[in-house]
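Step one of this worksheet: look at the structure below.
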Amino acid sequence: MNGKISRQTITSKLPEVGTTIFTVMSQMAADSGAINLSQGYPSFDPPQGLLERVSHHLSNGVNQYAPMAGVPLLRTAIAEKTQRLQGRTVDADTEVTVCCGATEGLFSAIQAVVRAGDEAIVFDPAYDSYEPAITLAGGITRHVPLSIDGDDLDFSVDWQRLVDTVNKKTRLIIVNFPHNPTGAILEAADLDRLADIVRNTDCYLLSDEVYEHIVFDDVPHRSLLSNDELWERTMVVSSFGKTFHATGWKIGHCIAPKYLSEEFRKVHQFSTFSVNTPMQHGIADFLLSDPGFYEQLPAFYQEKRDYFCGMLDASRFKLQPAHSTFFQILDYSEISSDIDLELAKRWTRDAGVASIPLSVFCDEPFTGARLRFCFAKDDATLAAAATKLCAL
Ligand code: PMP
Ligand code: GLN
């Protein structure tokens, strides 16, 4: 021994984890000069009014620690919005916590309830941050695939499969609607079905609703907050990153009944303590003064979806226009029989458009021949990408 720690003796707590597909594909797009429709972020700025409020607070002495649970005015604004949109009365002091993006909210929520040996259920394709957080809590991830309904290309929840998976060890079910990557949404009857399944169990729910304001075709977002029975056992996590075109700001929130928020805050307090102060004040001002901003998001993104999909009419891809989110799934089965990961990489290098394969979010082999393309881009970028995709 030379007194140095041996690299060989470390036993990774996350042996399966590598670099996320979002980082891999964005890097590949940058290296090959491809149009990057892979990682989901807008190519446009947050609203000017919001930027002004944040600048104002940055320059006016609001630059020290915020309260652990979040700036009170922001929590009040979130509670008012929740009351108005979901009809749920939540206590801004005890049931709303501002967190460091949805990622921290999801992580803290999972650590708060999942114990060693507990099972947590996710729906595949599942957002990539859930399983590592479950593993770190000592839990076991159970995967329930979304089903693909025949030829119409839609994904939906196979409730019977969920019934078959829930058991005495199930501690948490994580749902994510509007769903990344498929754009699937829940209908009112789905909430009732979920309530039937968890009734008389000790199972909590974590609802990742970061795309809550990006739903199309006049279909409303069905938050788990809107259901009285579900609310009693649910933590709902969302993110201002999607709502305000500001994915780099990493500010989100968790809304949960008091007893769950208390446990959530015990983790949040020691994973981050508090979230950056001037942006919380800026967002609070903007939310209270301009609620119309997020109300126009469905129309704004639906126009982009329709523009992108319309241009792809001339392509060999099959598609069902997304029901939600800023992602469009394209079925490439008439163009190639390659597996999606290889194809996504090849088309980034050779066709000049980067996308995200779906199979990396699935536990069971996924042979659906689908790639995800982000349409939160300016029209010129979408047109240039569509031209390249139509040539395939
Ligand atoms: N959940 C889903 C489904 C997401 O798509 C994302 C990122 N876009 C997050 C959570 C993480 O959100 P944030 O960037 O606010 O951490
Ligand atoms: N949520 C983003 C997406 O789905 C990626 C976030 C990240 O890069 N971790 O593309």
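Labels used: A, B, ... for chains in the order of the structure tokens, numbers from 1 for residues in each chain, and numbers from 1 for ligands as shown.
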Apply DSSP to the structure's backbone, then extract all residues of region 78-195 of chain A labelled helix (DSSP H, G or I) and return them as a ChimeraX atom specification.
/A:78-86,101-113,130-136,150-152,159-165,188-195
Enumerate, as a ChimeraX atom specification, the complete set of residues in region 112-269 of chain A that a backbone-based DSSP assignment places in strand (DSSP E or B).
/A:119-124,140-145,147-148,155-156,170-175,204-208,215,234-239,252-255
Report as a list of chain:residue names all protein, DNA and RNA residues lying within 6 Å of region 248-253 of chain A, evaluated on only C-alpha atoms, omitting residues in the same chain fewer than 2 positions from it.
A:Thr97, A:Val98, A:Cys99, A:Cys100, A:Gly101, A:Ala102, A:Val237, A:Ser238, A:Ser239, A:Phe240, A:Ala246
Write to file, as a compact mmCIF listing (two decimals), in the first residue's frame, the residues of the selection just made, with all heavy atoms.
```txt
# COMPACT_ATOMS: atom_id res chain seq x y z
N THR A 97 -43.42 23.58 -1.96
CA THR A 97 -41.98 23.76 -1.75
C THR A 97 -41.32 24.05 -3.09
O THR A 97 -41.56 23.34 -4.07
CB THR A 97 -41.34 22.47 -1.16
OG1 THR A 97 -42.11 22.07 -0.01
CG2 THR A 97 -39.89 22.70 -0.76
N VAL A 98 -40.52 25.10 -3.12
CA VAL A 98 -39.78 25.43 -4.34
C VAL A 98 -38.50 24.60 -4.35
O VAL A 98 -37.81 24.49 -3.33
CB VAL A 98 -39.45 26.94 -4.39
CG1 VAL A 98 -38.67 27.29 -5.66
CG2 VAL A 98 -40.73 27.77 -4.31
N CYS A 99 -38.20 23.99 -5.50
CA CYS A 99 -37.01 23.12 -5.55
C CYS A 99 -36.15 23.47 -6.76
O CYS A 99 -36.53 24.25 -7.62
CB CYS A 99 -37.42 21.66 -5.52
SG CYS A 99 -38.65 21.22 -6.73
N CYS A 100 -34.99 22.84 -6.79
CA CYS A 100 -33.97 23.16 -7.79
C CYS A 100 -34.26 22.38 -9.07
O CYS A 100 -33.62 21.37 -9.37
CB CYS A 100 -32.61 22.80 -7.21
SG CYS A 100 -31.27 23.19 -8.31
N GLY A 101 -35.28 22.84 -9.80
CA GLY A 101 -35.72 22.12 -10.99
C GLY A 101 -36.55 20.92 -10.59
O GLY A 101 -36.55 20.49 -9.42
N ALA A 102 -37.25 20.36 -11.57
CA ALA A 102 -38.02 19.15 -11.29
C ALA A 102 -37.10 18.01 -10.90
O ALA A 102 -37.47 17.14 -10.11
CB ALA A 102 -38.86 18.77 -12.50
N VAL A 237 -44.81 17.21 -8.91
CA VAL A 237 -43.60 17.99 -9.19
C VAL A 237 -43.75 18.66 -10.56
O VAL A 237 -44.21 18.04 -11.52
CB VAL A 237 -42.36 17.07 -9.16
CG1 VAL A 237 -41.14 17.78 -9.72
CG2 VAL A 237 -42.09 16.60 -7.73
N SER A 238 -43.38 19.94 -10.62
CA SER A 238 -43.40 20.63 -11.91
C SER A 238 -42.16 21.51 -12.04
O SER A 238 -41.34 21.56 -11.12
CB SER A 238 -44.68 21.45 -12.07
OG SER A 238 -44.79 21.90 -13.40
N SER A 239 -42.03 22.15 -13.21
CA SER A 239 -40.81 22.92 -13.48
C SER A 239 -41.14 24.20 -14.23
O SER A 239 -41.90 24.17 -15.20
CB SER A 239 -39.87 22.07 -14.32
OG SER A 239 -38.78 22.84 -14.78
N PHE A 240 -40.56 25.31 -13.81
CA PHE A 240 -40.73 26.55 -14.58
C PHE A 240 -39.88 26.53 -15.85
O PHE A 240 -40.04 27.37 -16.72
CB PHE A 240 -40.37 27.75 -13.71
CG PHE A 240 -41.35 27.98 -12.60
CD1 PHE A 240 -40.94 27.89 -11.27
CD2 PHE A 240 -42.68 28.27 -12.87
CE1 PHE A 240 -41.84 28.09 -10.23
CE2 PHE A 240 -43.60 28.46 -11.84
CZ PHE A 240 -43.17 28.37 -10.52
N ALA A 246 -37.15 28.38 -20.05
CA ALA A 246 -35.95 28.70 -19.25
C ALA A 246 -35.41 27.42 -18.61
O ALA A 246 -35.29 27.34 -17.38
CB ALA A 246 -36.32 29.73 -18.18
```
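Each of A:Pro291, A:Pro132, A:Gly139, A:Pro42 was checked against Lys81 (chain A) using only C-alpha atoms; the smallest atom-to-atom distance is that of A:Pro291.
Of the listed residues (A:Ala126, A:Ala69, A:Ile283, A:Ile78), A:Ala126 comes nearest to ligand 2; the distances count only C-alpha atoms and all ligand atoms.
Separating CA of Thr201 (chain A) from CA of Thr103 (chain A) is a distance of 26.7 Å.
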Counting only C-alpha atoms, what is within 12 Å of Glu232 (chain A), bar same-chain residues fewer than 5 positions away, as a ChimeraX atom specification?
/A:88,90,95,195,198-199,202-206,224-227,255-261
Could you give me, as a PDB file with N, CA, C and O atoms, in the first residue's frame, the residues within 8 Å of region 312-326 of chain A, counting only C-alpha atoms and dropping anything in the same chain fewer than 6 positions from it?
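Okay, out-v6.pdb is ready:
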```
ATOM      1  N   GLY A  40     -34.344  18.212 -24.984  1.00  0.00           N
ATOM      2  CA  GLY A  40     -35.501  19.096 -25.058  1.00  0.00           C
ATOM      3  C   GLY A  40     -35.267  20.448 -24.429  1.00  0.00           C
ATOM      4  O   GLY A  40     -35.297  20.580 -23.203  1.00  0.00           O
ATOM      5  N   ASP A 152     -52.676   3.284 -34.596  1.00  0.00           N
ATOM      6  CA  ASP A 152     -52.829   4.739 -34.489  1.00  0.00           C
ATOM      7  C   ASP A 152     -51.622   5.411 -33.819  1.00  0.00           C
ATOM      8  O   ASP A 152     -51.592   6.618 -33.656  1.00  0.00           O
ATOM      9  N   LEU A 153     -50.617   4.615 -33.466  1.00  0.00           N
ATOM     10  CA  LEU A 153     -49.329   5.121 -32.975  1.00  0.00           C
ATOM     11  C   LEU A 153     -49.405   5.751 -31.585  1.00  0.00           C
ATOM     12  O   LEU A 153     -48.423   6.302 -31.112  1.00  0.00           O
ATOM     13  N   ASP A 154     -50.557   5.713 -30.925  1.00  0.00           N
ATOM     14  CA  ASP A 154     -50.660   6.317 -29.593  1.00  0.00           C
ATOM     15  C   ASP A 154     -50.168   5.366 -28.503  1.00  0.00           C
ATOM     16  O   ASP A 154     -50.321   4.157 -28.611  1.00  0.00           O
ATOM     17  N   PRO A 178     -48.571  15.169 -18.766  1.00  0.00           N
ATOM     18  CA  PRO A 178     -48.154  14.866 -20.124  1.00  0.00           C
ATOM     19  C   PRO A 178     -46.809  14.133 -20.136  1.00  0.00           C
ATOM     20  O   PRO A 178     -45.890  14.522 -19.416  1.00  0.00           O
ATOM     21  N   HIS A 179     -46.729  13.119 -20.993  1.00  0.00           N
ATOM     22  CA  HIS A 179     -45.645  12.154 -20.912  1.00  0.00           C
ATOM     23  C   HIS A 179     -44.486  12.455 -21.867  1.00  0.00           C
ATOM     24  O   HIS A 179     -44.681  12.611 -23.070  1.00  0.00           O
ATOM     25  N   ASN A 180     -43.310  12.526 -21.277  1.00  0.00           N
ATOM     26  CA  ASN A 180     -42.064  12.583 -22.044  1.00  0.00           C
ATOM     27  C   ASN A 180     -41.505  11.164 -22.070  1.00  0.00           C
ATOM     28  O   ASN A 180     -41.288  10.589 -20.999  1.00  0.00           O
ATOM     29  N   THR A 182     -43.469  10.292 -25.031  1.00  0.00           N
ATOM     30  CA  THR A 182     -44.485   9.915 -26.035  1.00  0.00           C
ATOM     31  C   THR A 182     -45.573  10.957 -26.271  1.00  0.00           C
ATOM     32  O   THR A 182     -46.320  10.853 -27.241  1.00  0.00           O
ATOM     33  N   GLY A 183     -45.716  11.941 -25.350  1.00  0.00           N
ATOM     34  CA  GLY A 183     -46.802  12.912 -25.493  1.00  0.00           C
ATOM     35  C   GLY A 183     -48.153  12.367 -25.044  1.00  0.00           C
ATOM     36  O   GLY A 183     -49.180  13.030 -25.212  1.00  0.00           O
ATOM     37  N   ALA A 184     -48.173  11.164 -24.450  1.00  0.00           N
ATOM     38  CA  ALA A 184     -49.452  10.609 -23.974  1.00  0.00           C
ATOM     39  C   ALA A 184     -49.998  11.470 -22.830  1.00  0.00           C
ATOM     40  O   ALA A 184     -49.228  12.078 -22.079  1.00  0.00           O
ATOM     41  N   ILE A 185     -51.330  11.509 -22.725  1.00  0.00           N
ATOM     42  CA  ILE A 185     -51.969  12.277 -21.654  1.00  0.00           C
ATOM     43  C   ILE A 185     -52.984  11.389 -20.936  1.00  0.00           C
ATOM     44  O   ILE A 185     -53.350  10.327 -21.439  1.00  0.00           O
ATOM     45  N   TYR A 211     -44.774  19.135 -17.986  1.00  0.00           N
ATOM     46  CA  TYR A 211     -45.363  19.656 -19.235  1.00  0.00           C
ATOM     47  C   TYR A 211     -46.838  20.030 -19.028  1.00  0.00           C
ATOM     48  O   TYR A 211     -47.635  19.981 -19.969  1.00  0.00           O
ATOM     49  N   ILE A 214     -48.434  22.298 -21.577  1.00  0.00           N
ATOM     50  CA  ILE A 214     -48.197  22.072 -23.013  1.00  0.00           C
ATOM     51  C   ILE A 214     -49.050  20.884 -23.461  1.00  0.00           C
ATOM     52  O   ILE A 214     -48.580  19.751 -23.590  1.00  0.00           O
ATOM     53  N   VAL A 215     -50.350  21.152 -23.631  1.00  0.00           N
ATOM     54  CA  VAL A 215     -51.316  20.137 -24.075  1.00  0.00           C
ATOM     55  C   VAL A 215     -52.111  20.714 -25.248  1.00  0.00           C
ATOM     56  O   VAL A 215     -52.353  21.917 -25.292  1.00  0.00           O
ATOM     57  N   PHE A 216     -52.501  19.831 -26.171  1.00  0.00           N
ATOM     58  CA  PHE A 216     -53.029  20.325 -27.454  1.00  0.00           C
ATOM     59  C   PHE A 216     -54.478  19.907 -27.727  1.00  0.00           C
ATOM     60  O   PHE A 216     -55.041  19.084 -27.021  1.00  0.00           O
ATOM     61  N   ASP A 217     -54.995  20.482 -28.818  1.00  0.00           N
ATOM     62  CA  ASP A 217     -56.307  20.107 -29.367  1.00  0.00           C
ATOM     63  C   ASP A 217     -57.428  20.307 -28.341  1.00  0.00           C
ATOM     64  O   ASP A 217     -58.390  19.519 -28.308  1.00  0.00           O
ATOM     65  N   TYR A 301     -47.340  26.202 -28.865  1.00  0.00           N
ATOM     66  CA  TYR A 301     -46.639  24.962 -29.233  1.00  0.00           C
ATOM     67  C   TYR A 301     -47.438  24.115 -30.236  1.00  0.00           C
ATOM     68  O   TYR A 301     -46.858  23.369 -31.019  1.00  0.00           O
ATOM     69  N   ARG A 305     -46.010  22.376 -33.507  1.00  0.00           N
ATOM     70  CA  ARG A 305     -46.243  20.964 -33.810  1.00  0.00           C
ATOM     71  C   ARG A 305     -46.822  20.817 -35.221  1.00  0.00           C
ATOM     72  O   ARG A 305     -46.357  20.000 -36.025  1.00  0.00           O
ATOM     73  N   ASP A 306     -47.850  21.627 -35.514  1.00  0.00           N
ATOM     74  CA  ASP A 306     -48.527  21.495 -36.800  1.00  0.00           C
ATOM     75  C   ASP A 306     -47.606  21.897 -37.959  1.00  0.00           C
ATOM     76  O   ASP A 306     -47.638  21.285 -39.035  1.00  0.00           O
ATOM     77  N   TYR A 332     -40.177   5.248 -37.936  1.00  0.00           N
ATOM     78  CA  TYR A 332     -39.319   5.166 -39.129  1.00  0.00           C
ATOM     79  C   TYR A 332     -39.355   3.768 -39.775  1.00  0.00           C
ATOM     80  O   TYR A 332     -38.495   3.428 -40.590  1.00  0.00           O
ATOM     81  N   SER A 333     -40.374   2.970 -39.442  1.00  0.00           N
ATOM     82  CA  SER A 333     -40.344   1.562 -39.874  1.00  0.00           C
ATOM     83  C   SER A 333     -40.353   1.397 -41.390  1.00  0.00           C
ATOM     84  O   SER A 333     -39.917   0.373 -41.906  1.00  0.00           O
ATOM     85  N   GLU A 334     -40.822   2.419 -42.132  1.00  0.00           N
ATOM     86  CA  GLU A 334     -40.819   2.280 -43.596  1.00  0.00           C
ATOM     87  C   GLU A 334     -39.517   2.762 -44.220  1.00  0.00           C
ATOM     88  O   GLU A 334     -39.319   2.678 -45.430  1.00  0.00           O
ATOM     89  N   ILE A 335     -38.616   3.244 -43.384  1.00  0.00           N
ATOM     90  CA  ILE A 335     -37.337   3.751 -43.908  1.00  0.00           C
ATOM     91  C   ILE A 335     -36.186   2.829 -43.548  1.00  0.00           C
ATOM     92  O   ILE A 335     -35.260   2.628 -44.345  1.00  0.00           O
ATOM     93  N   CYS A 374     -37.541  17.148 -30.876  1.00  0.00           N
ATOM     94  CA  CYS A 374     -38.019  18.311 -30.125  1.00  0.00           C
ATOM     95  C   CYS A 374     -38.415  19.419 -31.104  1.00  0.00           C
ATOM     96  O   CYS A 374     -37.607  19.828 -31.937  1.00  0.00           O
ATOM     97  N   PHE A 375     -39.666  19.909 -30.984  1.00  0.00           N
ATOM     98  CA  PHE A 375     -40.081  20.989 -31.899  1.00  0.00           C
ATOM     99  C   PHE A 375     -40.176  22.349 -31.199  1.00  0.00           C
ATOM    100  O   PHE A 375     -40.828  23.273 -31.696  1.00  0.00           O
ATOM    101  N   ALA A 376     -39.496  22.481 -30.037  1.00  0.00           N
ATOM    102  CA  ALA A 376     -39.444  23.795 -29.366  1.00  0.00           C
ATOM    103  C   ALA A 376     -38.348  24.637 -30.014  1.00  0.00           C
ATOM    104  O   ALA A 376     -37.367  25.027 -29.366  1.00  0.00           O
ATOM    105  N   ALA A 386     -36.847  19.517 -41.184  1.00  0.00           N
ATOM    106  CA  ALA A 386     -37.841  18.755 -41.930  1.00  0.00           C
ATOM    107  C   ALA A 386     -37.354  18.449 -43.356  1.00  0.00           C
ATOM    108  O   ALA A 386     -37.571  17.365 -43.875  1.00  0.00           O
ATOM    109  N   LEU A 389     -35.164  15.539 -43.075  1.00  0.00           N
ATOM    110  CA  LEU A 389     -35.900  14.308 -42.748  1.00  0.00           C
ATOM    111  C   LEU A 389     -36.697  13.812 -43.957  1.00  0.00           C
ATOM    112  O   LEU A 389     -36.858  12.601 -44.162  1.00  0.00           O
ATOM    113  N   CYS A 390     -37.188  14.758 -44.768  1.00  0.00           N
ATOM    114  CA  CYS A 390     -37.952  14.360 -45.958  1.00  0.00           C
ATOM    115  C   CYS A 390     -37.062  13.681 -47.004  1.00  0.00           C
ATOM    116  O   CYS A 390     -37.544  12.948 -47.873  1.00  0.00           O
ATOM    117  N   ALA A 391     -35.769  13.915 -46.897  1.00  0.00           N
ATOM    118  CA  ALA A 391     -34.842  13.319 -47.882  1.00  0.00           C
ATOM    119  C   ALA A 391     -34.490  11.870 -47.513  1.00  0.00           C
ATOM    120  O   ALA A 391     -33.851  11.167 -48.299  1.00  0.00           O
ATOM    121  N   LEU A 392     -34.898  11.436 -46.336  1.00  0.00           N
ATOM    122  CA  LEU A 392     -34.523  10.078 -45.910  1.00  0.00           C
ATOM    123  C   LEU A 392     -35.434   9.021 -46.509  1.00  0.00           C
ATOM    124  O   LEU A 392     -36.620   9.258 -46.723  1.00  0.00           O
TER     125      LEU A 392
END
```
